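Source file: my_file.cif. Holds: mmCIF, C-alpha atoms and all ligand atoms.
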```cif
data_structure
loop_
_atom_site.label_atom_id
_atom_site.label_comp_id
_atom_site.auth_asym_id
_atom_site.auth_seq_id
_atom_site.Cartn_x
_atom_site.Cartn_y
_atom_site.Cartn_z
CA MET Z 1 22.47 -29.78 65.92
CA SER Z 2 24.94 -32.65 66.27
CA PRO Z 3 28.10 -32.30 64.21
CA THR Z 4 29.02 -35.27 62.05
CA THR Z 5 31.58 -34.49 59.34
CA LEU Z 6 32.43 -31.30 57.51
CA GLU Z 7 30.03 -32.20 54.71
CA TYR Z 8 26.74 -32.89 56.47
CA ARG Z 9 25.06 -32.00 59.75
CA PHE Z 10 21.90 -33.58 61.12
CA THR Z 11 19.46 -32.47 63.78
CA ASP Z 12 19.01 -34.43 67.00
CA VAL Z 13 15.53 -35.41 65.79
CA GLU Z 14 16.90 -36.76 62.51
CA ILE Z 15 19.53 -38.73 64.40
CA GLU Z 16 17.00 -40.13 66.85
CA ASN Z 17 14.66 -41.21 64.03
CA GLU Z 18 17.53 -42.85 62.19
CA ALA Z 19 18.68 -44.65 65.37
CA GLU Z 20 15.15 -46.03 65.80
CA ARG Z 21 15.01 -47.14 62.15
CA LEU Z 22 18.33 -48.97 62.59
CA LEU Z 23 17.32 -50.48 65.92
CA ALA Z 24 14.14 -52.00 64.46
CA LYS Z 25 16.42 -54.18 62.31
CA LEU Z 26 19.64 -54.57 64.27
CA MET Z 27 18.00 -55.44 67.62
CA HIS Z 28 17.52 -58.98 66.28
CA VAL Z 29 21.22 -59.55 65.58
CA GLU Z 30 22.70 -61.91 68.15
CA CYS Z 31 25.58 -63.41 66.21
CA ASP Z 32 27.60 -60.15 65.99
CA SER Z 33 30.51 -60.42 68.43
CA ARG Z 34 31.47 -56.72 68.14
CA HIS Z 35 28.25 -55.08 69.29
CA SER Z 36 25.17 -55.74 71.24
CA TRP Z 37 22.82 -53.55 69.23
CA ASN Z 38 20.74 -51.18 71.37
CA LEU Z 39 19.51 -47.59 71.02
CA ASP Z 40 22.91 -46.20 72.12
CA THR Z 41 24.95 -48.21 69.60
CA CYS Z 42 22.44 -47.34 66.88
CA ARG Z 43 22.65 -43.65 67.86
CA SER Z 44 26.41 -43.82 67.56
CA ILE Z 45 26.26 -44.89 63.89
CA ALA Z 46 23.13 -42.93 62.89
CA PRO Z 47 25.02 -39.77 61.75
CA LEU Z 48 27.17 -41.94 59.49
CA THR Z 49 24.28 -43.85 57.90
CA LEU Z 50 22.39 -40.57 57.42
CA GLU Z 51 25.42 -39.04 55.78
CA ILE Z 52 26.00 -42.03 53.48
CA ASN Z 53 22.34 -42.04 52.45
CA ALA Z 54 22.54 -38.30 51.69
CA LEU Z 55 25.78 -38.79 49.75
CA LYS Z 56 24.19 -41.56 47.68
CA LYS Z 57 21.61 -39.07 46.42
CA ALA Z 58 24.11 -36.27 45.89
CA LYS Z 59 26.50 -38.52 43.97
CA ASP Z 60 23.87 -40.66 42.18
CA ALA Z 61 25.28 -43.82 43.74
CA VAL Z 62 23.86 -47.22 44.64
CA ILE Z 63 25.34 -49.49 47.26
CA LEU Z 64 25.39 -53.23 46.60
CA ALA Z 65 26.28 -55.35 49.64
CA HIS Z 66 27.02 -59.05 49.87
CA SER Z 67 25.18 -60.82 52.69
CA TYR Z 68 28.51 -61.48 54.48
CA VAL Z 69 29.26 -57.82 55.27
CA GLU Z 70 28.35 -56.20 58.60
CA PRO Z 71 24.61 -55.82 59.28
CA GLU Z 72 24.83 -52.04 59.79
CA ILE Z 73 25.93 -51.81 56.13
CA ILE Z 74 23.17 -54.11 54.88
CA TYR Z 75 20.35 -52.59 56.92
CA GLY Z 76 21.76 -49.07 57.23
CA VAL Z 77 22.85 -48.06 53.75
CA ALA Z 78 22.65 -50.85 51.14
CA ASP Z 79 20.21 -50.55 48.24
CA PHE Z 80 20.55 -54.22 47.36
CA SER Z 81 21.97 -57.14 49.30
CA GLY Z 82 22.17 -60.79 48.38
CA ASP Z 83 24.34 -63.50 46.89
CA SER Z 84 26.86 -63.13 44.07
CA TYR Z 85 24.33 -64.00 41.38
CA MET Z 86 21.64 -61.54 42.49
CA LEU Z 87 24.20 -58.79 42.99
CA SER Z 88 25.56 -59.36 39.47
CA MET Z 89 22.03 -58.91 38.15
CA ASN Z 90 21.65 -55.76 40.25
CA ALA Z 91 24.95 -54.42 38.88
CA LYS Z 92 23.90 -55.20 35.31
CA GLU Z 93 20.62 -53.33 35.77
CA ALA Z 94 22.05 -50.39 37.74
CA LYS Z 95 21.38 -47.01 36.15
CA ALA Z 96 23.34 -44.93 38.67
CA ASP Z 97 26.54 -43.00 37.92
CA ARG Z 98 28.31 -44.81 40.75
CA ILE Z 99 28.18 -48.29 42.25
CA VAL Z 100 29.80 -48.85 45.64
CA PHE Z 101 30.34 -52.58 46.02
CA SER Z 102 30.54 -53.60 49.64
CA GLY Z 103 31.87 -57.12 49.31
CA VAL Z 104 35.23 -58.17 47.90
CA VAL Z 105 37.25 -57.01 44.90
CA PHE Z 106 36.21 -59.73 42.43
CA MET Z 107 32.56 -58.74 43.02
CA ALA Z 108 33.30 -55.09 42.29
CA GLU Z 109 35.24 -56.15 39.19
CA THR Z 110 32.23 -58.18 38.04
CA ALA Z 111 30.03 -55.11 38.54
CA LYS Z 112 32.43 -53.07 36.37
CA ILE Z 113 32.37 -55.76 33.66
CA LEU Z 114 28.57 -55.57 33.63
CA SER Z 115 28.16 -51.80 34.10
CA PRO Z 116 31.16 -50.16 32.40
CA GLN Z 117 29.45 -46.76 32.23
CA ALA Z 118 29.37 -46.52 36.04
CA GLU Z 119 32.22 -45.59 38.33
CA VAL Z 120 32.58 -48.75 40.43
CA ILE Z 121 34.11 -48.28 43.84
CA VAL Z 122 35.38 -50.83 46.34
CA PRO Z 123 35.62 -49.60 49.95
CA ASP Z 124 38.90 -51.45 50.65
CA ARG Z 125 41.19 -52.53 47.82
CA ARG Z 126 42.77 -55.17 50.10
CA SER Z 127 39.47 -57.06 50.32
CA GLY Z 128 40.59 -59.95 48.13
CA CYS Z 129 39.38 -63.53 48.23
CA SER Z 130 41.53 -66.64 48.70
CA LEU Z 131 39.77 -68.28 45.74
CA ALA Z 132 40.02 -65.39 43.29
CA ASP Z 133 43.64 -64.77 44.30
CA SER Z 134 44.65 -68.42 43.83
CA LEU Z 135 44.81 -68.40 40.02
CA THR Z 136 46.16 -65.97 37.41
CA GLY Z 137 45.17 -65.74 33.76
CA GLU Z 138 48.62 -67.08 32.81
CA GLN Z 139 48.19 -70.14 35.05
CA LEU Z 140 44.79 -70.80 33.54
CA ARG Z 141 46.22 -70.58 30.02
CA GLU Z 142 48.72 -73.31 31.00
CA LEU Z 143 45.91 -75.49 32.36
CA LYS Z 144 43.87 -74.96 29.19
CA ALA Z 145 46.83 -76.16 27.13
CA ALA Z 146 46.94 -79.34 29.23
CA TYR Z 147 43.18 -79.97 28.76
CA PRO Z 148 42.46 -78.72 25.22
CA ASP Z 149 39.12 -80.55 24.90
CA ALA Z 150 37.64 -79.38 28.20
CA ALA Z 151 34.90 -76.80 28.61
CA VAL Z 152 36.46 -74.07 30.76
CA VAL Z 153 34.17 -73.05 33.59
CA CYS Z 154 35.12 -70.43 36.14
CA TYR Z 155 33.49 -69.79 39.46
CA ILE Z 156 32.53 -66.13 39.79
CA ASN Z 157 35.08 -65.93 42.64
CA SER Z 158 37.84 -65.30 40.09
CA THR Z 159 39.63 -62.31 38.58
CA ALA Z 160 38.52 -60.58 35.37
CA GLU Z 161 41.64 -62.02 33.73
CA VAL Z 162 40.50 -65.57 34.57
CA LYS Z 163 36.91 -64.87 33.50
CA ALA Z 164 38.26 -63.65 30.16
CA GLU Z 165 39.80 -67.10 29.56
CA CYS Z 166 36.60 -69.06 30.27
CA ASP Z 167 33.71 -70.40 28.23
CA VAL Z 168 31.21 -69.77 30.97
CA CYS Z 169 31.16 -68.30 34.46
CA VAL Z 170 29.03 -69.82 37.25
CA THR Z 171 27.97 -68.95 40.78
CA SER Z 172 27.08 -71.30 43.62
CA SER Z 173 23.40 -70.80 42.72
CA ASN Z 174 23.68 -72.20 39.17
CA VAL Z 175 26.90 -74.26 39.02
CA TYR Z 176 25.26 -77.71 38.85
CA LYS Z 177 22.65 -76.66 36.30
CA ILE Z 178 25.24 -75.10 34.00
CA VAL Z 179 27.86 -77.86 34.26
CA ALA Z 180 25.16 -80.48 33.62
CA ALA Z 181 24.00 -78.65 30.48
CA LEU Z 182 27.46 -78.27 28.87
CA PRO Z 183 28.00 -80.59 25.88
CA GLN Z 184 31.63 -81.43 26.74
CA LYS Z 185 32.34 -84.44 28.94
CA GLN Z 186 35.53 -82.95 30.36
CA ILE Z 187 35.15 -79.80 32.45
CA LEU Z 188 38.06 -77.67 33.61
CA PHE Z 189 36.53 -75.98 36.65
CA VAL Z 190 38.54 -73.20 38.33
CA PRO Z 191 39.60 -72.02 40.85
CA ASP Z 192 37.81 -73.96 43.64
CA ARG Z 193 39.08 -77.51 44.15
CA LEU Z 194 36.47 -78.26 46.84
CA MET Z 195 33.56 -77.05 44.75
CA ALA Z 196 34.95 -79.23 41.93
CA ASP Z 197 34.69 -82.23 44.32
CA ASN Z 198 31.09 -81.30 45.07
CA ILE Z 199 30.26 -80.97 41.35
CA ARG Z 200 31.72 -84.42 40.71
CA VAL Z 201 29.45 -85.94 43.39
CA GLU Z 202 26.40 -84.02 42.20
CA MET Z 203 26.88 -85.05 38.55
CA LYS Z 204 27.17 -88.68 39.65
CA LYS Z 205 23.94 -88.36 41.64
CA LEU Z 206 22.24 -86.92 38.56
CA GLY Z 207 23.60 -89.78 36.42
CA ILE Z 208 25.51 -87.34 34.19
CA ASP Z 209 28.87 -88.54 32.91
CA LYS Z 210 31.41 -85.73 33.43
CA GLU Z 211 35.10 -85.64 34.12
CA ILE Z 212 35.87 -82.66 36.35
CA VAL Z 213 39.42 -81.34 36.62
CA SER Z 214 40.37 -78.31 38.66
CA SER Z 215 43.05 -75.95 39.93
CA ASP Z 216 44.03 -75.90 43.59
CA GLY Z 217 42.22 -72.97 45.25
CA THR Z 218 40.07 -73.15 48.36
CA CYS Z 219 38.06 -70.67 50.39
CA ILE Z 220 39.94 -70.03 53.66
CA VAL Z 221 36.61 -69.75 55.47
CA HIS Z 222 34.69 -72.72 54.09
CA ASP Z 223 37.63 -75.16 54.03
CA GLN Z 224 37.93 -74.87 57.83
CA PHE Z 225 34.78 -76.58 59.10
CA ASP Z 226 35.24 -79.79 61.09
CA PRO Z 227 32.83 -82.64 60.27
CA ASN Z 228 33.05 -83.88 63.90
CA LEU Z 229 31.18 -80.73 64.88
CA ILE Z 230 28.20 -81.92 62.85
CA SER Z 231 27.92 -85.33 64.54
CA GLU Z 232 28.48 -83.86 68.02
CA SER Z 233 25.92 -81.10 67.43
CA ARG Z 234 23.30 -83.49 66.05
CA GLU Z 235 23.55 -85.49 69.30
CA LYS Z 236 23.23 -82.41 71.48
CA PHE Z 237 20.46 -80.74 69.47
CA PRO Z 238 17.89 -83.26 68.17
CA GLY Z 239 16.11 -82.01 65.06
CA LEU Z 240 19.08 -79.79 64.13
CA LYS Z 241 19.34 -78.83 60.44
CA VAL Z 242 22.85 -78.36 59.08
CA VAL Z 243 23.25 -75.90 56.21
CA SER Z 244 26.45 -75.44 54.20
CA HIS Z 245 27.94 -73.83 51.11
CA PRO Z 246 29.39 -75.80 48.14
CA GLU Z 247 32.80 -74.23 48.91
CA CYS Z 248 32.95 -76.62 51.92
CA THR Z 249 34.70 -80.01 51.83
CA MET Z 250 32.72 -83.09 50.81
CA ASP Z 251 32.96 -84.29 54.45
CA ILE Z 252 30.78 -81.31 55.33
CA THR Z 253 28.44 -81.18 52.35
CA SER Z 254 27.70 -84.93 52.47
CA GLU Z 255 26.54 -84.54 56.09
CA SER Z 256 24.46 -81.40 55.50
CA ASP Z 257 20.68 -81.17 55.20
CA TYR Z 258 20.99 -78.39 52.63
CA VAL Z 259 23.89 -77.21 50.46
CA GLY Z 260 23.58 -74.06 48.37
CA SER Z 261 24.46 -70.46 47.65
CA THR Z 262 24.10 -67.84 50.36
CA GLY Z 263 20.75 -66.86 48.82
CA GLY Z 264 19.66 -70.52 48.69
CA MET Z 265 20.71 -71.14 52.29
CA MET Z 266 18.74 -68.12 53.44
CA GLN Z 267 15.60 -69.27 51.65
CA TYR Z 268 15.97 -72.82 52.96
CA VAL Z 269 16.18 -71.65 56.60
CA LYS Z 270 13.26 -69.25 56.17
CA LYS Z 271 10.94 -71.95 54.83
CA THR Z 272 12.11 -74.89 57.00
CA GLU Z 273 10.63 -75.75 60.39
CA ALA Z 274 13.36 -76.93 62.76
CA PRO Z 275 14.26 -76.23 66.39
CA TYR Z 276 17.83 -75.23 65.50
CA PHE Z 277 20.03 -74.54 62.51
CA MET Z 278 23.81 -74.72 62.21
CA MET Z 279 25.18 -72.54 59.41
CA LEU Z 280 28.53 -73.73 58.05
CA THR Z 281 29.26 -70.50 56.26
CA GLU Z 282 30.19 -66.90 57.02
CA CYS Z 283 28.53 -65.39 60.11
CA GLY Z 284 27.09 -62.43 58.19
CA LEU Z 285 24.50 -64.76 56.70
CA VAL Z 286 23.34 -65.82 60.16
CA GLU Z 287 22.92 -62.15 61.10
CA ARG Z 288 20.82 -61.55 57.98
CA ILE Z 289 18.45 -64.39 58.85
CA GLU Z 290 18.29 -63.24 62.50
CA VAL Z 291 17.02 -59.88 61.25
CA GLU Z 292 14.61 -61.23 58.64
CA SER Z 293 13.33 -64.32 60.48
CA PRO Z 294 13.89 -63.52 64.16
CA GLU Z 295 12.03 -66.65 65.28
CA LYS Z 296 14.80 -68.94 63.91
CA ARG Z 297 17.35 -70.33 66.39
CA PHE Z 298 21.00 -70.97 65.55
CA ILE Z 299 23.74 -72.89 67.27
CA SER Z 300 27.28 -71.65 66.81
CA GLY Z 301 29.35 -72.90 63.91
CA CYS Z 302 29.78 -70.01 61.46
CA LYS Z 303 33.14 -68.31 60.77
CA LEU Z 304 34.26 -64.82 59.73
CA CYS Z 305 35.70 -63.91 56.33
CA PRO Z 306 38.54 -61.44 57.01
CA PHE Z 307 38.13 -59.92 53.54
CA MET Z 308 34.41 -59.24 53.80
CA LYS Z 309 35.01 -57.77 57.26
CA MET Z 310 37.33 -55.10 55.77
CA ASN Z 311 34.17 -53.23 54.76
CA SER Z 312 32.95 -50.50 57.10
CA LEU Z 313 30.54 -47.56 57.10
CA GLU Z 314 33.50 -45.17 57.46
CA LYS Z 315 35.25 -46.56 54.38
CA ILE Z 316 32.01 -46.40 52.38
CA ARG Z 317 31.47 -42.78 53.42
CA ASP Z 318 35.06 -41.80 52.54
CA ALA Z 319 34.87 -43.59 49.20
CA LEU Z 320 31.64 -41.77 48.35
CA LEU Z 321 33.05 -38.38 49.38
CA GLU Z 322 36.22 -38.76 47.33
CA PRO Z 323 37.38 -42.19 46.19
CA LYS Z 324 41.12 -42.81 46.20
CA PRO Z 325 42.48 -44.06 42.85
CA ASP Z 326 42.92 -47.58 44.21
CA GLN Z 327 39.26 -47.71 45.24
CA ILE Z 328 38.08 -47.20 41.65
CA ILE Z 329 37.89 -50.34 39.53
CA GLU Z 330 39.52 -49.89 36.12
CA LEU Z 331 39.55 -52.60 33.45
CA GLU Z 332 41.12 -52.60 30.05
CA GLU Z 333 38.23 -52.67 27.50
CA SER Z 334 39.32 -55.73 25.49
CA LEU Z 335 39.75 -57.72 28.74
CA ARG Z 336 36.36 -56.51 29.99
CA LEU Z 337 34.63 -57.60 26.78
CA LYS Z 338 36.20 -61.06 26.92
CA ALA Z 339 35.22 -61.49 30.57
CA LEU Z 340 31.71 -60.24 29.77
CA ARG Z 341 31.21 -63.10 27.30
CA SER Z 342 31.58 -65.72 30.04
CA ILE Z 343 29.21 -63.86 32.38
CA ASP Z 344 26.60 -63.30 29.67
CA ARG Z 345 26.75 -67.00 28.85
CA MET Z 346 26.05 -67.68 32.54
CA PHE Z 347 22.96 -65.44 32.45
CA GLU Z 348 21.71 -67.26 29.32
CA MET Z 349 22.28 -70.73 30.75
CA ALA Z 350 21.01 -69.95 34.28
CA GLU Z 351 17.66 -68.46 33.32
P1 LIG Z 401 27.46 -66.74 47.06
O1 LIG Z 401 27.53 -66.62 45.58
O2 LIG Z 401 26.76 -67.98 47.50
O3 LIG Z 401 26.92 -65.50 47.65
O4 LIG Z 401 28.94 -66.96 47.63
C1 LIG Z 401 29.94 -66.02 47.53
C2 LIG Z 401 31.05 -66.35 48.43
O5 LIG Z 401 32.08 -65.70 48.36
C3 LIG Z 401 30.91 -67.43 49.35
O6 LIG Z 401 32.06 -67.57 50.11
FE1 LIG Z 402 36.38 -65.56 49.25
FE2 LIG Z 402 35.81 -67.37 51.08
FE3 LIG Z 402 35.66 -64.80 51.74
FE4 LIG Z 402 33.83 -65.92 50.07
S1 LIG Z 402 34.15 -66.36 52.24
S2 LIG Z 402 34.90 -63.96 49.80
S3 LIG Z 402 35.13 -67.39 48.97
S4 LIG Z 402 37.52 -65.92 51.14
#
```

Kindly return the structure encoded in the file as structure tokens.
Ligand code: 13P
Ligand code: SF4
Amino acid sequence: MSPTTLEYRFTDVEIENEAERLLAKLMHVECDSRHSWNLDTCRSIAPLTLEINALKKAKDAVILAHSYVEPEIIYGVADFSGDSYMLSMNAKEAKADRIVFSGVVFMAETAKILSPQAEVIVPDRRSGCSLADSLTGEQLRELKAAYPDAAVVCYINSTAEVKAECDVCVTSSNVYKIVAALPQKQILFVPDRLMADNIRVEMKKLGIDKEIVSSDGTCIVHDQFDPNLISESREKFPGLKVVSHPECTMDITSESDYVGSTGGMMQYVKKTEAPYFMMLTECGLVERIEVESPEKRFISGCKLCPFMKMNSLEKIRDALLEPKPDQIIELEESLRLKALRSIDRMFEMAE
């Protein structure tokens, strides 16, 4: 018997089987700068993934993981992984007593808005988001007063307080469709100034007359990419496909072969034949595609989100064993119901 924690013990055979299960997935990960995944590194985390999977059953919990978190979370313990839209659907449909959201706080808050009966737990309360943290409900109320005729659209990367002030919420997978369908000409889109720029360009391309105004937030990961890297890389790697997220600057999106949500980017790479891809997004997404389509080749370019990287197996295990008060998402009911309206409207308009 190999000791793990006070709660659970696993046999050497169980640990070896788990290490092999993990290795079958993680052996394909090349982008991860912390580990080279081999049988030894998989053995070292196997007791923890076994314990978390046992705790999930004991505590009737599901783990939702955004594609940006570490691959040992996605392939070791997550029940669902994907982009913000898919994970919101998973949260809405979850029947479990507990949801552990391995992502960032606004995602866990969204899960609580959609599944109030569940205890929703975030592994690290400090895992914010530069977009969500850029705008308060009070600031949005001031903006609304300045643009009284505008439809108020919030990106899902926003607090519950901001969602409660909006007509409709959007994610990167449905933003263009929803903005295009709104009857108002003027759109107050918060809190991502760069995504607002991309919406403006997209509406023009579609021949739809919209006036987009925004607040001043940006994603500290996606606002960093240098467009010179695209031209230099295209010269060095003929046939290269450049893939980016709509949180990037227009200099990046206008030079990309595909722009979309993390789920959209993943699908595009899987179905596209190209000698190389450059992913102008968070590195976790590259690791996911390395595992699921190991034949694809990537050149460097991705960056790390410090907030997503606050998630770890240890924090998930501890939160499942006994969550600290600050790991449990609590929302005042009237605020939750107001925020729910904007998310429900998104579901209606996206489907
Ligand atoms: P997706 O909705 O595309 O998963 O994006 C979430 C996010 O935070 C990107 O930075
Ligand atoms: Fe927020 Fe950017 Fe991190 Fe996404 S990548 S969670 S937008 S800081």

What are the closest atom pairs, with distances in Å to one decimal, for each residue of chain Z lying within 6 Å of ligand LIG 401 (chain Z), using only C-alpha atoms and all ligand atoms, rows by chain and rising residue number, as a Markdown table?
```
| residue | atom | partner | partner_atom | distance |
| --- | --- | --- | --- | --- |
| Z:Asp83 | CA | Z:LIG401 | O3 | 3.4 |
| Z:Ser84 | CA | Z:LIG401 | O1 | 3.9 |
| Z:Tyr85 | CA | Z:LIG401 | O1 | 5.9 |
| Z:Thr171 | CA | Z:LIG401 | O1 | 5.4 |
| Z:Ser172 | CA | Z:LIG401 | O1 | 5.1 |
| Z:Ser261 | CA | Z:LIG401 | O2 | 3.4 |
| Z:Thr262 | CA | Z:LIG401 | O2 | 3.9 |
```

Surrounding residues of Ser214 (chain Z) excluding itself and chain neighbours under 6 positions, 9 Å, only C-alpha atoms, as an NGL selection string:
:Z and (143 or 187-193 or 196-197)

Between Z:Val104, Z:Leu320, Z:Cys31, Z:Ile45, smallest distance to Ser127 (chain Z) by all atoms listed in the file belongs to Z:Val104

Region 7-13 of chain Z environment, 10 Å, all atoms listed in the file, sequence neighbours closer than 4 positions dropped, as a list in words:
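Those residues are Met1, Ser2, Pro3, Asn17, Glu18, Ala19, Arg43, Ala46, Pro47, Leu48, Leu50, Glu51, Ile52, Ala54, Leu55 and Leu321 of chain Z.
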
Nearby residues, ligand LIG 402 (chain Z), 9 Å, only C-alpha atoms and all ligand atoms, as a ChimeraX atom specification
/Z:68,103-107,127-133,157,192,218-223,247,281-282,303-309

Would you work out the distance separating CA of Pro238 (chain Z) from CA of Val291 (chain Z), expressed in Å to one decimal?
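If I compute the distance from CA of Pro238 (chain Z) to CA of Val291 (chain Z), I get 24.4 Å.
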
d(CA of Ser342 (chain Z), CA of Ile113 (chain Z)) in Å:
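Distance reported for this atom pair: 10.6 Å.
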
Would you list the contacts of Val100 (chain Z) as a list in words, taking every protein, DNA or RNA residue within 6 Å and counting only C-alpha atoms, but skipping same-chain residues closer than 3 positions in sequence?
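My list of contacting residues is Ile63, Val120, Ile121 and Val122 of chain Z.
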
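Considering all atoms listed in the file, the residue among Z:Asp226, Z:Glu72, Z:Glu93, Z:Glu255 positioned nearest to Leu114 (chain Z) is Z:Glu93.
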
Would you mind reading off the distance between CA of Asp167 (chain Z) and CA of Val152 (chain Z), one decimal, in Å?
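Between these atoms lies a distance of 5.2 Å.
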
Name the closest residue to Glu119 (chain Z) among the candidates Z:Ile15, Z:Ile230, Z:Leu331, Z:Ile199; distances are taken between atoms, counting only C-alpha atoms.
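The shortest atom-to-atom distance to Glu119 (chain Z) comes from Z:Leu331.
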
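With only C-alpha atoms as the atoms that count, the residue of Z:Glu202, Z:Glu16, Z:Glu332, Z:Asp257 with the shortest distance to Lys177 (chain Z) is Z:Glu202.
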
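Counting only C-alpha atoms and comparing Z:Lys95, Z:Val201, Z:Ile212, Z:Lys236, the residue that lies closest to Thr253 (chain Z) is Z:Val201.
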
Padding 3 Å on every side, please: axis-aligned box over the listed atoms of region 122-126 of chain Z, centre and edge lengths to one decimal in Å, as lines of an AutoDock Vina configuration file.
```
center_x = 39.1
center_y = -52.4
center_z = 48.5
size_x = 13.4
size_y = 11.6
size_z = 10.3
```

Can you pull out the residues contacting Cys169 (chain Z)? Cut-off 9 Å, using all atoms listed in the file, and skip same-chain residues under 2 positions away; I want them as a ChimeraX atom specification.
/Z:152-156,163,166-167,171,175,339,341-347

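If all atoms listed in the file are the atoms counted, then among Z:Gln117, Z:Arg125, Z:Val69, Z:Ser254 the closest residue to Pro323 (chain Z) is Z:Arg125.
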
Can you tell me, as a ChimeraX atom specification, what residues are no more than 12 Å from Glu292 (chain Z) when counting all atoms listed in the file, ignoring any on the same chain fewer than 4 positions away?
/Z:24-29,71,74-75,266-267,269-271,285-288,296

Atoms to include: C-alpha atoms. Write the selected residues as a PDB file, keeping the file's coordinate frame.
```
ATOM      1  CA  ALA Z  24      14.140 -52.000  64.460  1.00  0.00           C
ATOM      2  CA  LYS Z  25      16.420 -54.180  62.310  1.00  0.00           C
ATOM      3  CA  LEU Z  26      19.640 -54.570  64.270  1.00  0.00           C
ATOM      4  CA  MET Z  27      18.000 -55.440  67.620  1.00  0.00           C
ATOM      5  CA  HIS Z  28      17.520 -58.980  66.280  1.00  0.00           C
ATOM      6  CA  VAL Z  29      21.220 -59.550  65.580  1.00  0.00           C
ATOM      7  CA  PRO Z  71      24.610 -55.820  59.280  1.00  0.00           C
ATOM      8  CA  ILE Z  74      23.170 -54.110  54.880  1.00  0.00           C
ATOM      9  CA  TYR Z  75      20.350 -52.590  56.920  1.00  0.00           C
ATOM     10  CA  MET Z 266      18.740 -68.120  53.440  1.00  0.00           C
ATOM     11  CA  GLN Z 267      15.600 -69.270  51.650  1.00  0.00           C
ATOM     12  CA  VAL Z 269      16.180 -71.650  56.600  1.00  0.00           C
ATOM     13  CA  LYS Z 270      13.260 -69.250  56.170  1.00  0.00           C
ATOM     14  CA  LYS Z 271      10.940 -71.950  54.830  1.00  0.00           C
ATOM     15  CA  LEU Z 285      24.500 -64.760  56.700  1.00  0.00           C
ATOM     16  CA  VAL Z 286      23.340 -65.820  60.160  1.00  0.00           C
ATOM     17  CA  GLU Z 287      22.920 -62.150  61.100  1.00  0.00           C
ATOM     18  CA  ARG Z 288      20.820 -61.550  57.980  1.00  0.00           C
ATOM     19  CA  LYS Z 296      14.800 -68.940  63.910  1.00  0.00           C
TER      20      LYS Z 296
END
```

Please reconstruct the missing atoms of region 316-328 of chain Z (target: N, CA and C atoms) and return them as an mmCIF file, keeping the file's coordinate frame.
```
data_model
loop_
_atom_site.group_PDB
_atom_site.id
_atom_site.type_symbol
_atom_site.label_atom_id
_atom_site.label_comp_id
_atom_site.auth_asym_id
_atom_site.auth_seq_id
_atom_site.Cartn_x
_atom_site.Cartn_y
_atom_site.Cartn_z
ATOM 1 N N ILE Z 316 33.012 -46.675 53.426
ATOM 2 C CA ILE Z 316 32.010 -46.400 52.380
ATOM 3 C C ILE Z 316 31.790 -44.884 52.269
ATOM 4 N N ARG Z 317 31.666 -44.235 53.438
ATOM 5 C CA ARG Z 317 31.470 -42.780 53.420
ATOM 6 C C ARG Z 317 32.649 -42.087 52.726
ATOM 7 N N ASP Z 318 33.877 -42.456 53.117
ATOM 8 C CA ASP Z 318 35.060 -41.800 52.540
ATOM 9 C C ASP Z 318 35.140 -42.042 51.034
ATOM 10 N N ALA Z 319 34.789 -43.263 50.625
ATOM 11 C CA ALA Z 319 34.870 -43.590 49.200
ATOM 12 C C ALA Z 319 33.822 -42.806 48.408
ATOM 13 N N LEU Z 320 32.674 -42.551 49.036
ATOM 14 C CA LEU Z 320 31.640 -41.770 48.350
ATOM 15 C C LEU Z 320 32.035 -40.294 48.285
ATOM 16 N N LEU Z 321 32.643 -39.794 49.358
ATOM 17 C CA LEU Z 321 33.050 -38.380 49.380
ATOM 18 C C LEU Z 321 34.107 -38.135 48.310
ATOM 19 N N GLU Z 322 35.160 -38.910 48.320
ATOM 20 C CA GLU Z 322 36.220 -38.760 47.330
ATOM 21 C C GLU Z 322 37.007 -40.058 47.234
ATOM 22 N N PRO Z 323 36.670 -40.909 46.257
ATOM 23 C CA PRO Z 323 37.380 -42.190 46.190
ATOM 24 C C PRO Z 323 38.859 -41.999 45.874
ATOM 25 N N LYS Z 324 39.680 -42.816 46.534
ATOM 26 C CA LYS Z 324 41.120 -42.810 46.200
ATOM 27 C C LYS Z 324 41.275 -43.611 44.896
ATOM 28 N N PRO Z 325 42.334 -43.337 44.133
ATOM 29 C CA PRO Z 325 42.480 -44.060 42.850
ATOM 30 C C PRO Z 325 42.379 -45.571 43.016
ATOM 31 N N ASP Z 326 42.944 -46.115 44.098
ATOM 32 C CA ASP Z 326 42.920 -47.580 44.210
ATOM 33 C C ASP Z 326 41.538 -48.113 44.604
ATOM 34 N N GLN Z 327 40.623 -47.235 44.936
ATOM 35 C CA GLN Z 327 39.260 -47.710 45.240
ATOM 36 C C GLN Z 327 38.378 -47.773 43.988
ATOM 37 N N ILE Z 328 38.865 -47.200 42.901
ATOM 38 C CA ILE Z 328 38.080 -47.200 41.650
ATOM 39 C C ILE Z 328 38.533 -48.368 40.781
#
```
